[in-house]
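Trainee: The structure file upload27.txt (compact mmCIF, C-alpha atoms) is provided below.
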# COMPACT_ATOMS: atom_id res chain seq x y z
CA GLU V 1 8.58 14.82 -6.19
CA PRO V 2 7.68 14.83 -2.48
CA GLU V 3 7.96 11.49 -0.76
CA VAL V 4 7.26 9.71 2.51
CA THR V 5 10.44 8.98 4.45
CA GLN V 6 10.86 6.35 7.15
CA THR V 7 13.59 5.83 9.72
CA PRO V 8 15.40 3.69 10.54
CA SER V 9 15.57 1.46 7.49
CA HIS V 10 16.35 -1.52 9.73
CA GLN V 11 15.68 -1.89 13.45
CA VAL V 12 16.85 -4.84 15.51
CA THR V 13 15.28 -5.17 18.97
CA GLN V 14 15.20 -7.72 21.73
CA MET V 15 11.86 -9.38 22.41
CA GLY V 16 9.93 -7.54 25.11
CA GLN V 17 11.53 -4.18 24.35
CA GLU V 18 9.68 -1.12 23.15
CA VAL V 19 10.31 0.13 19.65
CA ILE V 20 9.33 3.35 17.89
CA LEU V 21 9.21 3.55 14.11
CA ARG V 22 9.29 6.99 12.59
CA CYS V 23 7.78 8.45 9.46
CA VAL V 24 7.73 11.86 7.86
CA PRO V 25 4.62 12.03 5.64
CA ILE V 26 4.30 14.33 2.65
CA SER V 27 4.02 17.83 4.08
CA ASN V 28 0.54 18.91 3.01
CA HIS V 29 -1.09 15.52 3.59
CA LEU V 30 -3.70 15.10 6.30
CA TYR V 31 -4.26 11.33 6.50
CA PHE V 32 -1.62 8.93 7.74
CA TYR V 33 -1.44 5.16 7.75
CA TRP V 34 0.67 2.26 8.96
CA TYR V 35 0.84 -1.12 7.26
CA ARG V 36 2.98 -4.16 7.85
CA GLN V 37 4.21 -6.99 5.64
CA ILE V 38 5.51 -10.17 7.19
CA LEU V 39 8.16 -11.79 4.97
CA GLY V 40 6.51 -13.55 2.03
CA GLN V 41 3.01 -12.45 2.99
CA LYS V 42 0.50 -9.77 2.01
CA VAL V 43 0.66 -6.12 2.97
CA GLU V 44 -1.71 -5.68 5.92
CA PHE V 45 -3.39 -2.48 7.10
CA LEU V 46 -2.79 -1.56 10.73
CA VAL V 47 -4.20 1.90 11.42
CA SER V 48 -5.20 5.22 9.92
CA PHE V 49 -4.91 8.59 11.62
CA TYR V 50 -6.54 11.94 10.95
CA ASN V 51 -6.97 15.13 12.91
CA ASN V 52 -4.83 13.78 15.77
CA GLU V 53 -6.86 10.67 16.35
CA ILE V 54 -7.21 7.14 15.07
CA SER V 55 -9.78 6.88 12.27
CA GLU V 56 -9.73 3.15 11.68
CA LYS V 57 -7.72 0.22 12.95
CA SER V 58 -7.47 -3.46 12.10
CA GLU V 59 -7.59 -6.46 14.42
CA ILE V 60 -3.80 -6.57 14.33
CA PHE V 61 -3.58 -3.14 15.98
CA ASP V 62 -4.07 -4.25 19.58
CA ASP V 63 -3.13 -2.56 22.85
CA GLN V 64 0.56 -3.18 22.22
CA PHE V 65 0.47 -0.66 19.38
CA SER V 66 0.04 3.09 19.51
CA VAL V 67 0.45 5.94 17.05
CA GLU V 68 1.26 9.56 17.57
CA ARG V 69 1.92 12.74 15.65
CA PRO V 70 4.22 14.40 18.16
CA ASP V 71 4.86 17.49 16.05
CA GLY V 72 3.87 18.94 12.70
CA SER V 73 6.00 16.62 10.64
CA ASN V 74 6.53 13.22 12.27
CA PHE V 75 4.16 10.26 12.58
CA THR V 76 5.24 7.40 14.80
CA LEU V 77 4.25 3.81 15.47
CA LYS V 78 5.14 2.43 18.90
CA ILE V 79 5.12 -1.23 19.81
CA ARG V 80 5.18 -1.43 23.58
CA SER V 81 6.49 -4.93 24.22
CA THR V 82 7.68 -6.57 21.06
CA LYS V 83 7.07 -10.23 20.23
CA LEU V 84 8.88 -12.45 17.75
CA GLU V 85 5.84 -12.30 15.47
CA ASP V 86 6.17 -8.53 15.18
CA SER V 87 9.14 -9.07 12.87
CA ALA V 88 8.05 -7.56 9.55
CA MET V 89 8.41 -4.64 7.19
CA TYR V 90 6.42 -1.66 8.42
CA PHE V 91 5.24 0.85 5.85
CA CYS V 92 3.97 4.34 6.51
CA ALA V 93 1.69 6.04 4.00
CA SER V 94 -0.04 9.38 3.66
CA SER V 95 -2.74 10.94 1.51
CA ASP V 96 -4.02 14.46 1.14
CA SER V 97 -7.59 13.36 1.81
CA GLY V 98 -9.44 10.24 2.89
CA LEU V 99 -11.56 10.15 -0.24
CA ASP V 100 -11.80 6.86 -2.11
CA ASN V 101 -10.41 8.40 -5.28
CA GLN V 102 -7.21 9.63 -3.66
CA PRO V 103 -4.00 7.61 -3.72
CA GLN V 104 -1.91 6.75 -0.73
CA HIS V 105 1.82 7.42 -0.96
CA PHE V 106 4.07 4.91 0.76
CA GLY V 107 7.54 5.07 2.22
CA ASP V 108 10.09 2.35 1.62
CA GLY V 109 9.56 0.85 5.03
CA THR V 110 11.39 -0.10 8.19
CA ARG V 111 12.49 -3.69 8.53
CA LEU V 112 11.87 -4.69 12.16
CA SER V 113 13.72 -7.75 13.39
CA ILE V 114 12.85 -9.08 16.85
CA LEU V 115 15.44 -11.35 18.45
CA ASP Z 1 -14.59 -4.87 0.94
CA ALA Z 2 -15.39 -6.39 -2.45
CA LYS Z 3 -12.92 -9.08 -3.49
CA THR Z 4 -10.57 -8.97 -6.45
CA THR Z 5 -9.01 -11.91 -8.29
CA GLN Z 6 -5.72 -11.69 -10.14
CA PRO Z 7 -3.41 -14.28 -11.72
CA ASN Z 8 -0.53 -15.22 -9.43
CA SER Z 9 2.11 -14.43 -12.01
CA MET Z 10 2.64 -13.28 -15.58
CA GLU Z 11 5.65 -13.09 -17.80
CA SER Z 12 6.38 -10.68 -20.62
CA ASN Z 13 9.26 -9.51 -22.75
CA GLU Z 14 10.97 -6.19 -22.43
CA GLU Z 15 9.62 -3.43 -24.70
CA GLU Z 16 6.35 -5.30 -25.29
CA PRO Z 17 2.92 -4.31 -23.95
CA VAL Z 18 1.63 -6.04 -20.84
CA HIS Z 19 -2.02 -6.54 -19.95
CA LEU Z 20 -2.66 -7.38 -16.30
CA PRO Z 21 -6.23 -8.56 -15.64
CA CYS Z 22 -8.31 -8.20 -12.51
CA ASN Z 23 -11.77 -9.61 -11.81
CA HIS Z 24 -14.04 -7.87 -9.33
CA SER Z 25 -17.48 -9.31 -9.98
CA THR Z 26 -18.93 -8.08 -6.65
CA ILE Z 27 -17.88 -4.46 -7.17
CA SER Z 28 -20.42 -1.90 -5.98
CA GLY Z 29 -21.44 1.21 -7.85
CA THR Z 30 -19.33 3.52 -5.71
CA ASP Z 31 -16.12 1.45 -5.66
CA TYR Z 32 -13.05 2.96 -7.28
CA ILE Z 33 -10.59 0.56 -8.91
CA HIS Z 34 -7.03 1.28 -7.79
CA TRP Z 35 -3.78 -0.30 -8.93
CA TYR Z 36 -0.59 -0.27 -6.91
CA ARG Z 37 2.70 -2.04 -7.50
CA GLN Z 38 5.50 -3.10 -5.22
CA LEU Z 39 9.02 -3.28 -6.59
CA PRO Z 40 11.49 -5.55 -4.78
CA SER Z 41 12.51 -4.19 -1.37
CA GLN Z 42 10.30 -1.12 -1.72
CA GLY Z 43 6.95 0.07 -0.44
CA PRO Z 44 3.79 -0.10 -2.54
CA GLU Z 45 3.57 2.56 -5.22
CA TYR Z 46 0.36 4.04 -6.61
CA VAL Z 47 -0.08 3.40 -10.33
CA ILE Z 48 -3.54 4.47 -11.45
CA HIS Z 49 -7.21 4.45 -10.51
CA GLY Z 50 -10.60 4.78 -12.20
CA LEU Z 51 -14.32 4.53 -11.64
CA THR Z 52 -16.08 3.87 -14.94
CA SER Z 53 -14.12 5.37 -17.82
CA ASN Z 54 -10.75 4.24 -19.09
CA VAL Z 55 -7.85 6.23 -17.67
CA ASN Z 56 -4.36 7.07 -18.86
CA ASN Z 57 -1.40 8.50 -17.00
CA ARG Z 58 2.34 8.59 -17.47
CA MET Z 59 2.79 5.15 -15.93
CA ALA Z 60 -0.01 3.07 -17.41
CA SER Z 61 -3.54 2.84 -18.77
CA LEU Z 62 -6.56 1.35 -17.06
CA ALA Z 63 -9.27 -0.27 -19.12
CA ILE Z 64 -12.53 -0.87 -17.24
CA ALA Z 65 -15.15 -3.24 -18.57
CA GLU Z 66 -18.55 -1.76 -19.28
CA ASP Z 67 -20.18 -3.78 -16.48
CA ARG Z 68 -17.21 -2.89 -14.22
CA LYS Z 69 -16.77 -6.50 -13.18
CA SER Z 70 -13.25 -6.59 -14.52
CA SER Z 71 -10.42 -4.26 -15.41
CA THR Z 72 -7.05 -4.44 -17.10
CA LEU Z 73 -3.89 -2.54 -16.29
CA ILE Z 74 -1.90 -1.88 -19.44
CA LEU Z 75 1.81 -1.16 -19.47
CA HIS Z 76 2.40 0.01 -23.01
CA ARG Z 77 6.08 -0.84 -23.25
CA ALA Z 78 7.43 -2.88 -20.37
CA THR Z 79 10.93 -2.28 -19.07
CA LEU Z 80 12.95 -4.36 -16.64
CA ARG Z 81 12.07 -1.77 -14.00
CA ASP Z 82 8.41 -2.76 -14.30
CA ALA Z 83 9.12 -6.16 -12.75
CA ALA Z 84 7.03 -6.01 -9.57
CA VAL Z 85 3.95 -7.33 -7.82
CA TYR Z 86 0.85 -5.53 -9.10
CA TYR Z 87 -2.19 -5.16 -6.86
CA CYS Z 88 -5.74 -4.42 -7.95
CA ILE Z 89 -7.66 -2.89 -5.02
CA LEU Z 90 -11.22 -1.62 -4.67
CA ARG Z 91 -11.95 1.40 -2.52
CA GLY Z 92 -15.42 2.61 -1.71
CA SER Z 93 -16.63 1.43 1.66
CA GLY Z 94 -18.04 4.82 2.50
CA GLY Z 95 -15.05 7.08 2.55
CA GLY Z 96 -13.04 8.23 5.50
CA ALA Z 97 -9.50 7.08 6.13
CA ASP Z 98 -9.99 3.47 5.11
CA GLY Z 99 -6.97 1.25 4.84
CA LEU Z 100 -6.19 -0.47 1.58
CA THR Z 101 -6.86 -4.20 1.42
CA PHE Z 102 -4.01 -5.85 -0.45
CA GLY Z 103 -4.37 -9.30 -1.95
CA LYS Z 104 -1.51 -11.43 -3.23
CA GLY Z 105 -1.37 -9.52 -6.51
CA THR Z 106 0.24 -10.55 -9.78
CA HIS Z 107 3.98 -11.09 -9.86
CA LEU Z 108 5.08 -9.63 -13.21
CA ILE Z 109 8.30 -11.03 -14.61
CA ILE Z 110 9.98 -9.14 -17.45
CA GLN Z 111 12.39 -11.03 -19.65
CA PRO Z 112 15.17 -9.04 -21.37
Show me, as structure tokens, the structure contained in the file I just sent.

Mentor:
Amino acid sequence: EPEVTQTPSHQVTQMGQEVILRCVPISNHLYFYWYRQILGQKVEFLVSFYNNEISEKSEIFDDQFSVERPDGSNFTLKIRSTKLEDSAMYFCASSDSGLDNQPQHFGDGTRLSIL
Amino acid sequence: DAKTTQPNSMESNEEEPVHLPCNHSTISGTDYIHWYRQLPSQGPEYVIHGLTSNVNNRMASLAIAEDRKSSTLILHRATLRDAAVYYCILRGSGGGADGLTFGKGTHLIIQP
């Protein structure tokens, strides 16, 4: 069964550094998402992306964050200048349409640790 | 988004059925009811969804109340692998690439 893959599984970065988290969505999917989950807390939506542009973003997704689909297969989340509070699990998801009756398929996440 | 209410935790025995309730009294007519689960150290996983009628798939069944103000996820024969946090989520804010709104979910504990 096709799946969403994320790399790396664990990223350790110094505060203030830039970090790029990578995702390979399911190949025929058109909608892509990033979520984060701070340890012990809820999964929170960050951003959705369709047709090479952001469709929706949450309040968390400020100017420090950006997303890109640099080629036909990868979807990336960049945090420009990391803060301690950016430490979390980051999950990528994809769906074949944005319809409300379509599921989103998640990867197993990247654990980001900011020192 | 309409709000859902779930018990914080439930416990069941292996090989027995499990009924996970969800209340969504402010659901609108176009909201789909989705269920996801999150196993330890993994990303959320889609389980099932429905609109008005009960639904079955290989993972679970979804029973939707006639007034749609509540629903129940049914695991017919729980295994240890079903121990996870289960999330009931409504989707229907007008379509497009809306993000899912996760609550705290129900932590399902399966006893051997």

Trainee: Taking all atoms listed in the file into account, find every residue of chain V that has an atom no more than 6 Å from chain Z, and write it out as a VMD selection string.

Mentor: chain V and resid 42 to 43 45 98 to 100 106 to 108

Trainee: Could you check how far CA of Asn56 (chain Z) sits from CA of Glu15 (chain Z), in Å to one decimal?

Mentor: 18.4 Å

Trainee: Give me, as a compact mmCIF listing (two decimals) with C-alpha atoms, in the coordinates of the input, all polymer residues having an atom no more than 8 Å from Ser9 (chain V), counting all atoms listed in the file and skipping those fewer than 2 positions away in the same chain.

Mentor:
# COMPACT_ATOMS: atom_id res chain seq x y z
CA GLN V 6 10.86 6.35 7.15
CA THR V 7 13.59 5.83 9.72
CA GLN V 11 15.68 -1.89 13.45
CA GLY V 109 9.56 0.85 5.03
CA THR V 110 11.39 -0.10 8.19
CA ARG V 111 12.49 -3.69 8.53

Trainee: Hey, which of V:Gln41, V:Ser58, V:Ser113, V:Asn52 ends up closest to Glu85 (chain V)? Count all atoms listed in the file.

Mentor: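 Smallest distance to Glu85 (chain V) is found for V:Ser113.
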
Trainee: State, in Å with one decimal place, the distance from CA of Leu77 (chain V) to CA of Val85 (chain Z).

Mentor: 25.8 Å

Trainee: Just checking: using all atoms listed in the file, which residue out of V:Gln14, V:Ser97, V:Glu1, V:Pro25 ends up closest to Asp71 (chain V)?

Mentor: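 Ranking V:Gln14, V:Ser97, V:Glu1, V:Pro25 by distance to Asp71 (chain V), first place goes to V:Pro25.
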
Trainee: Work out how far apart CA of Arg81 (chain Z) and CA of Leu20 (chain Z) are and give it in Å to one decimal.

Mentor: 15.9 Å

Trainee: List the residues sitting within 8 Å of (9.2, 9.0, 11.7) in the file's frame, using all atoms listed in the file, as a list in words.

Mentor: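 The residues that fall inside the cut-off are Thr5, Gln6, Thr7, Leu21, Arg22, Cys23, Val24, Asn74, Phe75 and Thr76 of chain V.
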
Trainee: Here is a test: counting only C-alpha atoms, which residue of Z:Ser70, Z:Asn13, Z:Gln111, Z:Gln6 is nearest to Ser25 (chain Z)?

Mentor: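 Ranking Z:Ser70, Z:Asn13, Z:Gln111, Z:Gln6 by distance to Ser25 (chain Z), first place goes to Z:Ser70.
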
Trainee: Please tell me which residues are no farther than 6 Å from (6.9, -0.3, 7.2) in the file, counting all atoms listed in the file, and write them as a ChimeraX atom specification.

Mentor: /V:36,89-92,109-110

Trainee: Using only C-alpha atoms, find the one residue out of Z:His107, Z:Arg37, Z:Arg58, Z:His19 that sits nearest to Leu75 (chain Z).

Mentor: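 Ranked by minimum distance to Leu75 (chain Z), first place goes to Z:His19.
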
Trainee: Kindly compute an axis-aligned box around the listed atoms of region 40-43 of chain Z, allowing 4 Å on each side, and express its centre and edge lengths in Å to one decimal as JSON.

Mentor:
{"center_x": 9.7, "center_y": -2.7, "center_z": -2.6, "size_x": 13.6, "size_y": 13.6, "size_z": 12.3}

Trainee: Quick one: of Z:Ser9, Z:Thr4, Z:Thr52, Z:Thr26, who's nearest to Ala65 (chain Z), counting only C-alpha atoms?

Mentor: Z:Thr52

Trainee: Show which residues sit within 8 Å of Arg77 (chain Z), as a list in words. Count all atoms listed in the file, and ignore same-chain residues fewer than 6 positions away.

Mentor: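 What passes the distance filter is Glu14, Glu15, Glu16, Pro17 and Val18 of chain Z.
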
Trainee: May I ask which of the residues Z:Thr106, Z:Glu11, Z:Ile27, Z:Cys22 is the closest one to Asp67 (chain Z), counting all atoms listed in the file?

Mentor: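 Among Z:Thr106, Z:Glu11, Z:Ile27, Z:Cys22, it is Z:Ile27 that comes nearest to Asp67 (chain Z).
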
Trainee: Would you mind exporting region 42-60 of chain Z with N, CA, C and O atoms, as a PDB file, in the first residue's frame?

Mentor:
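Resulting contents of decode_19.pdb:
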ATOM      1  N   GLN Z  42       3.744   6.923  16.156  1.00  0.00           N
ATOM      2  CA  GLN Z  42       3.393   6.947  14.738  1.00  0.00           C
ATOM      3  C   GLN Z  42       2.527   8.167  14.415  1.00  0.00           C
ATOM      4  O   GLN Z  42       2.020   8.843  15.310  1.00  0.00           O
ATOM      5  N   GLY Z  43       2.364   8.417  13.128  1.00  0.00           N
ATOM      6  CA  GLY Z  43       1.468   9.479  12.703  1.00  0.00           C
ATOM      7  C   GLY Z  43       0.026   9.033  12.762  1.00  0.00           C
ATOM      8  O   GLY Z  43      -0.271   7.846  12.859  1.00  0.00           O
ATOM      9  N   PRO Z  44      -0.909   9.981  12.721  1.00  0.00           N
ATOM     10  CA  PRO Z  44      -2.327   9.607  12.686  1.00  0.00           C
ATOM     11  C   PRO Z  44      -2.621   8.718  11.480  1.00  0.00           C
ATOM     12  O   PRO Z  44      -1.987   8.839  10.433  1.00  0.00           O
ATOM     13  N   GLU Z  45      -3.586   7.852  11.663  1.00  0.00           N
ATOM     14  CA  GLU Z  45      -3.966   6.890  10.629  1.00  0.00           C
ATOM     15  C   GLU Z  45      -5.467   6.972  10.435  1.00  0.00           C
ATOM     16  O   GLU Z  45      -6.243   6.895  11.404  1.00  0.00           O
ATOM     17  N   TYR Z  46      -5.906   7.125   9.192  1.00  0.00           N
ATOM     18  CA  TYR Z  46      -7.332   7.159   8.885  1.00  0.00           C
ATOM     19  C   TYR Z  46      -7.972   5.821   9.219  1.00  0.00           C
ATOM     20  O   TYR Z  46      -7.415   4.763   8.934  1.00  0.00           O
ATOM     21  N   VAL Z  47      -9.161   5.881   9.841  1.00  0.00           N
ATOM     22  CA  VAL Z  47      -9.876   4.649  10.161  1.00  0.00           C
ATOM     23  C   VAL Z  47     -11.126   4.507   9.310  1.00  0.00           C
ATOM     24  O   VAL Z  47     -11.296   3.515   8.587  1.00  0.00           O
ATOM     25  N   ILE Z  48     -12.013   5.505   9.368  1.00  0.00           N
ATOM     26  CA  ILE Z  48     -13.299   5.378   8.702  1.00  0.00           C
ATOM     27  C   ILE Z  48     -13.971   6.743   8.679  1.00  0.00           C
ATOM     28  O   ILE Z  48     -13.596   7.635   9.451  1.00  0.00           O
ATOM     29  N   HIS Z  49     -14.937   6.931   7.790  1.00  0.00           N
ATOM     30  CA  HIS Z  49     -15.733   8.147   7.842  1.00  0.00           C
ATOM     31  C   HIS Z  49     -17.147   7.854   7.337  1.00  0.00           C
ATOM     32  O   HIS Z  49     -17.373   6.848   6.641  1.00  0.00           O
ATOM     33  N   GLY Z  50     -18.077   8.750   7.681  1.00  0.00           N
ATOM     34  CA  GLY Z  50     -19.456   8.600   7.221  1.00  0.00           C
ATOM     35  C   GLY Z  50     -20.183   9.932   7.260  1.00  0.00           C
ATOM     36  O   GLY Z  50     -19.704  10.896   7.856  1.00  0.00           O
ATOM     37  N   LEU Z  51     -21.349   9.938   6.663  1.00  0.00           N
ATOM     38  CA  LEU Z  51     -22.161  11.157   6.645  1.00  0.00           C
ATOM     39  C   LEU Z  51     -23.475  10.942   7.390  1.00  0.00           C
ATOM     40  O   LEU Z  51     -23.749  11.629   8.368  1.00  0.00           O
ATOM     41  N   THR Z  52     -24.267   9.985   6.937  1.00  0.00           N
ATOM     42  CA  THR Z  52     -25.540   9.711   7.607  1.00  0.00           C
ATOM     43  C   THR Z  52     -25.719   8.228   7.900  1.00  0.00           C
ATOM     44  O   THR Z  52     -26.180   7.854   8.974  1.00  0.00           O
ATOM     45  N   SER Z  53     -25.345   7.394   6.949  1.00  0.00           N
ATOM     46  CA  SER Z  53     -25.561   5.948   7.117  1.00  0.00           C
ATOM     47  C   SER Z  53     -24.392   5.304   7.844  1.00  0.00           C
ATOM     48  O   SER Z  53     -23.268   5.810   7.814  1.00  0.00           O
ATOM     49  N   ASN Z  54     -24.682   4.181   8.485  1.00  0.00           N
ATOM     50  CA  ASN Z  54     -23.610   3.396   9.104  1.00  0.00           C
ATOM     51  C   ASN Z  54     -22.651   2.878   8.033  1.00  0.00           C
ATOM     52  O   ASN Z  54     -23.050   2.651   6.882  1.00  0.00           O
ATOM     53  N   VAL Z  55     -21.397   2.739   8.408  1.00  0.00           N
ATOM     54  CA  VAL Z  55     -20.351   2.372   7.454  1.00  0.00           C
ATOM     55  C   VAL Z  55     -19.520   1.230   8.031  1.00  0.00           C
ATOM     56  O   VAL Z  55     -19.292   1.169   9.248  1.00  0.00           O
ATOM     57  N   ASN Z  56     -19.088   0.362   7.154  1.00  0.00           N
ATOM     58  CA  ASN Z  56     -18.180  -0.716   7.551  1.00  0.00           C
ATOM     59  C   ASN Z  56     -16.970  -0.720   6.632  1.00  0.00           C
ATOM     60  O   ASN Z  56     -17.095  -0.485   5.430  1.00  0.00           O
ATOM     61  N   ASN Z  57     -15.798  -0.981   7.192  1.00  0.00           N
ATOM     62  CA  ASN Z  57     -14.634  -1.277   6.360  1.00  0.00           C
ATOM     63  C   ASN Z  57     -13.810  -2.341   7.078  1.00  0.00           C
ATOM     64  O   ASN Z  57     -14.237  -2.895   8.108  1.00  0.00           O
ATOM     65  N   ARG Z  58     -12.630  -2.612   6.529  1.00  0.00           N
ATOM     66  CA  ARG Z  58     -11.861  -3.734   7.081  1.00  0.00           C
ATOM     67  C   ARG Z  58     -11.335  -3.445   8.488  1.00  0.00           C
ATOM     68  O   ARG Z  58     -10.960  -4.345   9.214  1.00  0.00           O
ATOM     69  N   MET Z  59     -11.289  -2.171   8.845  1.00  0.00           N
ATOM     70  CA  MET Z  59     -10.734  -1.824  10.157  1.00  0.00           C
ATOM     71  C   MET Z  59     -11.807  -1.750  11.240  1.00  0.00           C
ATOM     72  O   MET Z  59     -11.546  -2.107  12.397  1.00  0.00           O
ATOM     73  N   ALA Z  60     -12.975  -1.207  10.882  1.00  0.00           N
ATOM     74  CA  ALA Z  60     -13.951  -0.878  11.923  1.00  0.00           C
ATOM     75  C   ALA Z  60     -15.323  -0.662  11.306  1.00  0.00           C
ATOM     76  O   ALA Z  60     -15.487  -0.712  10.086  1.00  0.00           O
TER      77      ALA Z  60
END
